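Text of target37.pdb, listed as PDB, N, CA, C and O atoms, pLDDT in the B column:
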```
MODEL        1
ATOM      1  N   MET O  29      32.740  16.496 125.725  1.00 79.00           N
ATOM      2  CA  MET O  29      32.247  15.549 124.772  1.00 79.00           C
ATOM      3  C   MET O  29      33.174  14.342 124.738  1.00 79.00           C
ATOM      4  O   MET O  29      34.358  14.475 124.975  1.00 79.00           O
ATOM      5  N   ARG O  30      32.595  13.195 124.427  1.00 77.00           N
ATOM      6  CA  ARG O  30      33.394  11.979 124.360  1.00 77.00           C
ATOM      7  C   ARG O  30      33.230  11.318 122.997  1.00 77.00           C
ATOM      8  O   ARG O  30      32.184  11.409 122.381  1.00 77.00           O
ATOM      9  N   ALA O  31      34.277  10.634 122.570  1.00 74.00           N
ATOM     10  CA  ALA O  31      34.235   9.869 121.324  1.00 74.00           C
ATOM     11  C   ALA O  31      34.818   8.495 121.612  1.00 74.00           C
ATOM     12  O   ALA O  31      35.827   8.373 122.296  1.00 74.00           O
ATOM     13  N   LEU O  32      34.190   7.480 121.110  1.00 67.00           N
ATOM     14  CA  LEU O  32      34.675   6.110 121.244  1.00 67.00           C
ATOM     15  C   LEU O  32      35.259   5.702 119.898  1.00 67.00           C
ATOM     16  O   LEU O  32      34.571   5.726 118.883  1.00 67.00           O
ATOM     17  N   VAL O  33      36.536   5.349 119.896  1.00 71.00           N
ATOM     18  CA  VAL O  33      37.215   4.947 118.677  1.00 71.00           C
ATOM     19  C   VAL O  33      37.548   3.469 118.800  1.00 71.00           C
ATOM     20  O   VAL O  33      38.268   3.069 119.705  1.00 71.00           O
ATOM     21  N   VAL O  34      37.009   2.655 117.913  1.00 67.00           N
ATOM     22  CA  VAL O  34      37.270   1.219 117.937  1.00 67.00           C
ATOM     23  C   VAL O  34      38.366   0.928 116.926  1.00 67.00           C
ATOM     24  O   VAL O  34      38.211   1.166 115.734  1.00 67.00           O
ATOM     25  N   GLN O  35      39.475   0.412 117.433  1.00 65.00           N
ATOM     26  CA  GLN O  35      40.597   0.062 116.575  1.00 65.00           C
ATOM     27  C   GLN O  35      40.486  -1.409 116.207  1.00 65.00           C
ATOM     28  O   GLN O  35      40.128  -2.237 117.017  1.00 65.00           O
ATOM     29  N   HIS O  36      40.832  -1.731 114.970  1.00 66.00           N
ATOM     30  CA  HIS O  36      40.789  -3.117 114.530  1.00 66.00           C
ATOM     31  C   HIS O  36      41.816  -3.955 115.287  1.00 66.00           C
ATOM     32  O   HIS O  36      41.554  -5.081 115.676  1.00 66.00           O
ATOM     33  N   ASP O  37      43.004  -3.427 115.466  1.00 61.00           N
ATOM     34  CA  ASP O  37      44.058  -4.142 116.182  1.00 61.00           C
ATOM     35  C   ASP O  37      45.045  -3.134 116.762  1.00 61.00           C
ATOM     36  O   ASP O  37      44.877  -1.942 116.617  1.00 61.00           O
ATOM     37  N   HIS O  38      46.088  -3.649 117.417  1.00 59.00           N
ATOM     38  CA  HIS O  38      47.027  -2.761 118.099  1.00 59.00           C
ATOM     39  C   HIS O  38      47.872  -1.920 117.157  1.00 59.00           C
ATOM     40  O   HIS O  38      48.517  -0.973 117.591  1.00 59.00           O
ATOM     41  N   VAL O  39      47.909  -2.243 115.882  1.00 60.00           N
ATOM     42  CA  VAL O  39      48.719  -1.470 114.937  1.00 60.00           C
ATOM     43  C   VAL O  39      47.896  -0.472 114.145  1.00 60.00           C
ATOM     44  O   VAL O  39      48.386   0.122 113.196  1.00 60.00           O
ATOM     45  N   SER O  40      46.635  -0.278 114.502  1.00 65.00           N
ATOM     46  CA  SER O  40      45.760   0.666 113.796  1.00 65.00           C
ATOM     47  C   SER O  40      45.353   1.811 114.719  1.00 65.00           C
ATOM     48  O   SER O  40      44.234   1.843 115.209  1.00 65.00           O
ATOM     49  N   PRO O  41      46.252   2.756 114.975  1.00 69.00           N
ATOM     50  CA  PRO O  41      45.893   3.871 115.856  1.00 69.00           C
ATOM     51  C   PRO O  41      44.828   4.755 115.224  1.00 69.00           C
ATOM     52  O   PRO O  41      44.579   4.688 114.014  1.00 69.00           O
ATOM     53  N   SER O  42      44.215   5.579 116.022  1.00 74.00           N
ATOM     54  CA  SER O  42      43.139   6.447 115.529  1.00 74.00           C
ATOM     55  C   SER O  42      43.639   7.478 114.521  1.00 74.00           C
ATOM     56  O   SER O  42      42.860   7.988 113.725  1.00 74.00           O
ATOM     57  N   GLY O  43      44.918   7.779 114.537  1.00 80.00           N
ATOM     58  CA  GLY O  43      45.540   8.645 113.528  1.00 80.00           C
ATOM     59  C   GLY O  43      44.893  10.007 113.377  1.00 80.00           C
ATOM     60  O   GLY O  43      44.467  10.628 114.355  1.00 80.00           O
ATOM     61  N   PRO O  44      44.785  10.478 112.131  1.00 85.00           N
ATOM     62  CA  PRO O  44      44.260  11.820 111.877  1.00 85.00           C
ATOM     63  C   PRO O  44      42.826  12.019 112.362  1.00 85.00           C
ATOM     64  O   PRO O  44      42.461  13.109 112.769  1.00 85.00           O
ATOM     65  N   VAL O  45      42.028  10.969 112.314  1.00 83.00           N
ATOM     66  CA  VAL O  45      40.643  11.091 112.792  1.00 83.00           C
ATOM     67  C   VAL O  45      40.646  11.420 114.282  1.00 83.00           C
ATOM     68  O   VAL O  45      39.958  12.334 114.739  1.00 83.00           O
ATOM     69  N   GLY O  46      41.428  10.671 115.059  1.00 81.00           N
ATOM     70  CA  GLY O  46      41.528  10.933 116.493  1.00 81.00           C
ATOM     71  C   GLY O  46      42.076  12.315 116.784  1.00 81.00           C
ATOM     72  O   GLY O  46      41.610  13.011 117.685  1.00 81.00           O
ATOM     73  N   GLU O  47      43.070  12.721 116.006  1.00 86.00           N
ATOM     74  CA  GLU O  47      43.656  14.053 116.193  1.00 86.00           C
ATOM     75  C   GLU O  47      42.618  15.146 115.947  1.00 86.00           C
ATOM     76  O   GLU O  47      42.559  16.128 116.688  1.00 86.00           O
ATOM     77  N   ARG O  48      41.812  14.983 114.914  1.00 89.00           N
ATOM     78  CA  ARG O  48      40.771  15.982 114.625  1.00 89.00           C
ATOM     79  C   ARG O  48      39.727  16.035 115.727  1.00 89.00           C
ATOM     80  O   ARG O  48      39.257  17.102 116.116  1.00 89.00           O
ATOM     81  N   LEU O  49      39.336  14.850 116.210  1.00 86.00           N
ATOM     82  CA  LEU O  49      38.351  14.823 117.294  1.00 86.00           C
ATOM     83  C   LEU O  49      38.911  15.495 118.541  1.00 86.00           C
ATOM     84  O   LEU O  49      38.227  16.304 119.181  1.00 86.00           O
ATOM     85  N   GLU O  50      40.167  15.194 118.891  1.00 87.00           N
ATOM     86  CA  GLU O  50      40.791  15.835 120.047  1.00 87.00           C
ATOM     87  C   GLU O  50      40.900  17.339 119.845  1.00 87.00           C
ATOM     88  O   GLU O  50      40.673  18.119 120.768  1.00 87.00           O
ATOM     89  N   GLY O  51      41.227  17.745 118.622  1.00 93.00           N
ATOM     90  CA  GLY O  51      41.323  19.167 118.307  1.00 93.00           C
ATOM     91  C   GLY O  51      39.997  19.903 118.462  1.00 93.00           C
ATOM     92  O   GLY O  51      39.973  21.100 118.692  1.00 93.00           O
ATOM     93  N   ARG O  52      38.910  19.168 118.341  1.00 92.00           N
ATOM     94  CA  ARG O  52      37.576  19.764 118.503  1.00 92.00           C
ATOM     95  C   ARG O  52      37.043  19.594 119.923  1.00 92.00           C
ATOM     96  O   ARG O  52      35.871  19.833 120.179  1.00 92.00           O
ATOM     97  N   GLY O  53      37.917  19.120 120.840  1.00 92.00           N
ATOM     98  CA  GLY O  53      37.538  19.057 122.245  1.00 92.00           C
ATOM     99  C   GLY O  53      36.951  17.742 122.709  1.00 92.00           C
ATOM    100  O   GLY O  53      36.448  17.647 123.818  1.00 92.00           O
ATOM    101  N   PHE O  54      37.023  16.702 121.882  1.00 89.00           N
ATOM    102  CA  PHE O  54      36.503  15.400 122.288  1.00 89.00           C
ATOM    103  C   PHE O  54      37.503  14.686 123.183  1.00 89.00           C
ATOM    104  O   PHE O  54      38.715  14.796 122.991  1.00 89.00           O
ATOM    105  N   ASP O  55      37.005  13.961 124.145  1.00 85.00           N
ATOM    106  CA  ASP O  55      37.778  13.080 124.997  1.00 85.00           C
ATOM    107  C   ASP O  55      37.787  11.719 124.310  1.00 85.00           C
ATOM    108  O   ASP O  55      36.735  11.103 124.156  1.00 85.00           O
ATOM    109  N   ILE O  56      38.943  11.229 123.880  1.00 81.00           N
ATOM    110  CA  ILE O  56      39.019  10.001 123.105  1.00 81.00           C
ATOM    111  C   ILE O  56      39.184   8.788 124.021  1.00 81.00           C
ATOM    112  O   ILE O  56      40.050   8.760 124.880  1.00 81.00           O
ATOM    113  N   THR O  57      38.344   7.784 123.815  1.00 80.00           N
ATOM    114  CA  THR O  57      38.493   6.485 124.466  1.00 80.00           C
ATOM    115  C   THR O  57      38.720   5.476 123.357  1.00 80.00           C
ATOM    116  O   THR O  57      37.874   5.316 122.481  1.00 80.00           O
ATOM    117  N   GLU O  58      39.896   4.831 123.356  1.00 76.00           N
ATOM    118  CA  GLU O  58      40.210   3.863 122.312  1.00 76.00           C
ATOM    119  C   GLU O  58      39.984   2.451 122.832  1.00 76.00           C
ATOM    120  O   GLU O  58      40.393   2.118 123.936  1.00 76.00           O
ATOM    121  N   VAL O  59      39.322   1.639 122.028  1.00 75.00           N
ATOM    122  CA  VAL O  59      39.071   0.245 122.366  1.00 75.00           C
ATOM    123  C   VAL O  59      39.713  -0.600 121.279  1.00 75.00           C
ATOM    124  O   VAL O  59      39.393  -0.455 120.102  1.00 75.00           O
ATOM    125  N   CYS O  60      40.621  -1.463 121.673  1.00 71.00           N
ATOM    126  CA  CYS O  60      41.326  -2.317 120.733  1.00 71.00           C
ATOM    127  C   CYS O  60      40.612  -3.664 120.644  1.00 71.00           C
ATOM    128  O   CYS O  60      40.482  -4.369 121.635  1.00 71.00           O
ATOM    129  N   VAL O  61      40.128  -4.014 119.457  1.00 74.00           N
ATOM    130  CA  VAL O  61      39.380  -5.251 119.272  1.00 74.00           C
ATOM    131  C   VAL O  61      40.290  -6.480 119.385  1.00 74.00           C
ATOM    132  O   VAL O  61      39.922  -7.480 119.979  1.00 74.00           O
ATOM    133  N   VAL O  62      41.495  -6.397 118.809  1.00 73.00           N
ATOM    134  CA  VAL O  62      42.455  -7.504 118.873  1.00 73.00           C
ATOM    135  C   VAL O  62      43.721  -6.981 119.543  1.00 73.00           C
ATOM    136  O   VAL O  62      44.497  -6.260 118.928  1.00 73.00           O
ATOM    137  N   PRO O  63      43.955  -7.337 120.808  1.00 72.00           N
ATOM    138  CA  PRO O  63      45.144  -6.854 121.510  1.00 72.00           C
ATOM    139  C   PRO O  63      46.429  -7.457 120.932  1.00 72.00           C
ATOM    140  O   PRO O  63      46.395  -8.487 120.251  1.00 72.00           O
ATOM    141  N   GLU O  64      47.546  -6.815 121.209  1.00 73.00           N
ATOM    142  CA  GLU O  64      48.824  -7.224 120.650  1.00 73.00           C
ATOM    143  C   GLU O  64      49.174  -8.685 120.916  1.00 73.00           C
ATOM    144  O   GLU O  64      49.623  -9.400 120.036  1.00 73.00           O
ATOM    145  N   GLU O  65      48.909  -9.153 122.125  1.00 77.00           N
ATOM    146  CA  GLU O  65      49.277 -10.534 122.471  1.00 77.00           C
ATOM    147  C   GLU O  65      48.452 -11.583 121.717  1.00 77.00           C
ATOM    148  O   GLU O  65      48.803 -12.743 121.665  1.00 77.00           O
ATOM    149  N   ARG O  66      47.342 -11.170 121.100  1.00 74.00           N
ATOM    150  CA  ARG O  66      46.504 -12.110 120.339  1.00 74.00           C
ATOM    151  C   ARG O  66      46.439 -11.763 118.862  1.00 74.00           C
ATOM    152  O   ARG O  66      45.612 -12.278 118.130  1.00 74.00           O
ATOM    153  N   HIS O  67      47.361 -10.913 118.420  1.00 70.00           N
ATOM    154  CA  HIS O  67      47.317 -10.417 117.055  1.00 70.00           C
ATOM    155  C   HIS O  67      47.435 -11.548 116.014  1.00 70.00           C
ATOM    156  O   HIS O  67      46.764 -11.527 114.995  1.00 70.00           O
ATOM    157  N   LEU O  68      48.269 -12.528 116.259  1.00 74.00           N
ATOM    158  CA  LEU O  68      48.451 -13.621 115.280  1.00 74.00           C
ATOM    159  C   LEU O  68      47.388 -14.703 115.404  1.00 74.00           C
ATOM    160  O   LEU O  68      47.207 -15.495 114.485  1.00 74.00           O
ATOM    161  N   THR O  69      46.697 -14.764 116.534  1.00 74.00           N
ATOM    162  CA  THR O  69      45.656 -15.780 116.739  1.00 74.00           C
ATOM    163  C   THR O  69      44.436 -15.116 117.392  1.00 74.00           C
ATOM    164  O   THR O  69      44.121 -15.392 118.546  1.00 74.00           O
ATOM    165  N   PRO O  70      43.739 -14.251 116.669  1.00 59.00           N
ATOM    166  CA  PRO O  70      42.658 -13.491 117.285  1.00 59.00           C
ATOM    167  C   PRO O  70      41.389 -14.297 117.624  1.00 59.00           C
ATOM    168  O   PRO O  70      40.605 -13.889 118.433  1.00 59.00           O
ATOM    169  N   ASP O  71      41.181 -15.442 116.981  1.00 65.00           N
ATOM    170  CA  ASP O  71      39.976 -16.264 117.206  1.00 65.00           C
ATOM    171  C   ASP O  71      38.726 -15.454 117.011  1.00 65.00           C
ATOM    172  O   ASP O  71      37.891 -15.287 117.832  1.00 65.00           O
TER     173      ASP O  71
ENDMDL
END
```
For this file, write the structure as structure tokens.
Amino acid sequence: MRALVVQHDHVSPSGPVGERLEGRGFDITEVCVVPEERHLTPD
């Protein structure tokens, strides 16, 4: 099974939600909406 986790920015990891999904056998794919290099000027 796969789960897509959309992070708001580079400082918002999937945390406990991601851990629970992994614990239930999900393959986590994280997509960062605002990468670190554009964090101050996301446009």
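Here CA of Asp55 in chain O stands at a distance of 6.0 Å from CA of Ala31 in chain O.
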inquiry  = With the PyMOL selection byres ((chain O and resi 29) around 8) as the selection, what would be picked from this file? Answer as a ChimeraX atom specification, please.
reply    = /O:30-32,49,52-57
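You will find atom N of Val59 in chain O at 8.7 Å from atom N of Ser42 in chain O.
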key: Computed interatomic separation between CA of Thr69 in chain O and CA of Gly46 in chain O (Å)   = 27.0 Å
Given 4 Å on each side, where is the centre and what are the edge lengths in Å to one decimal of the axis-aligned box enclosing the listed atoms of range 54-68 of chain O, as lines of an AutoDock Vina configuration file?
```
center_x = 43.1
center_y = 0.6
center_z = 119.7
size_x = 21.1
size_y = 40.2
size_z = 18.5
```
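Considering the residues O:Glu65, O:Glu58, O:Gly51, O:Val45 and counting only C-alpha atoms, Val33 in chain O has its shortest atom-to-atom contact with O:Glu58.
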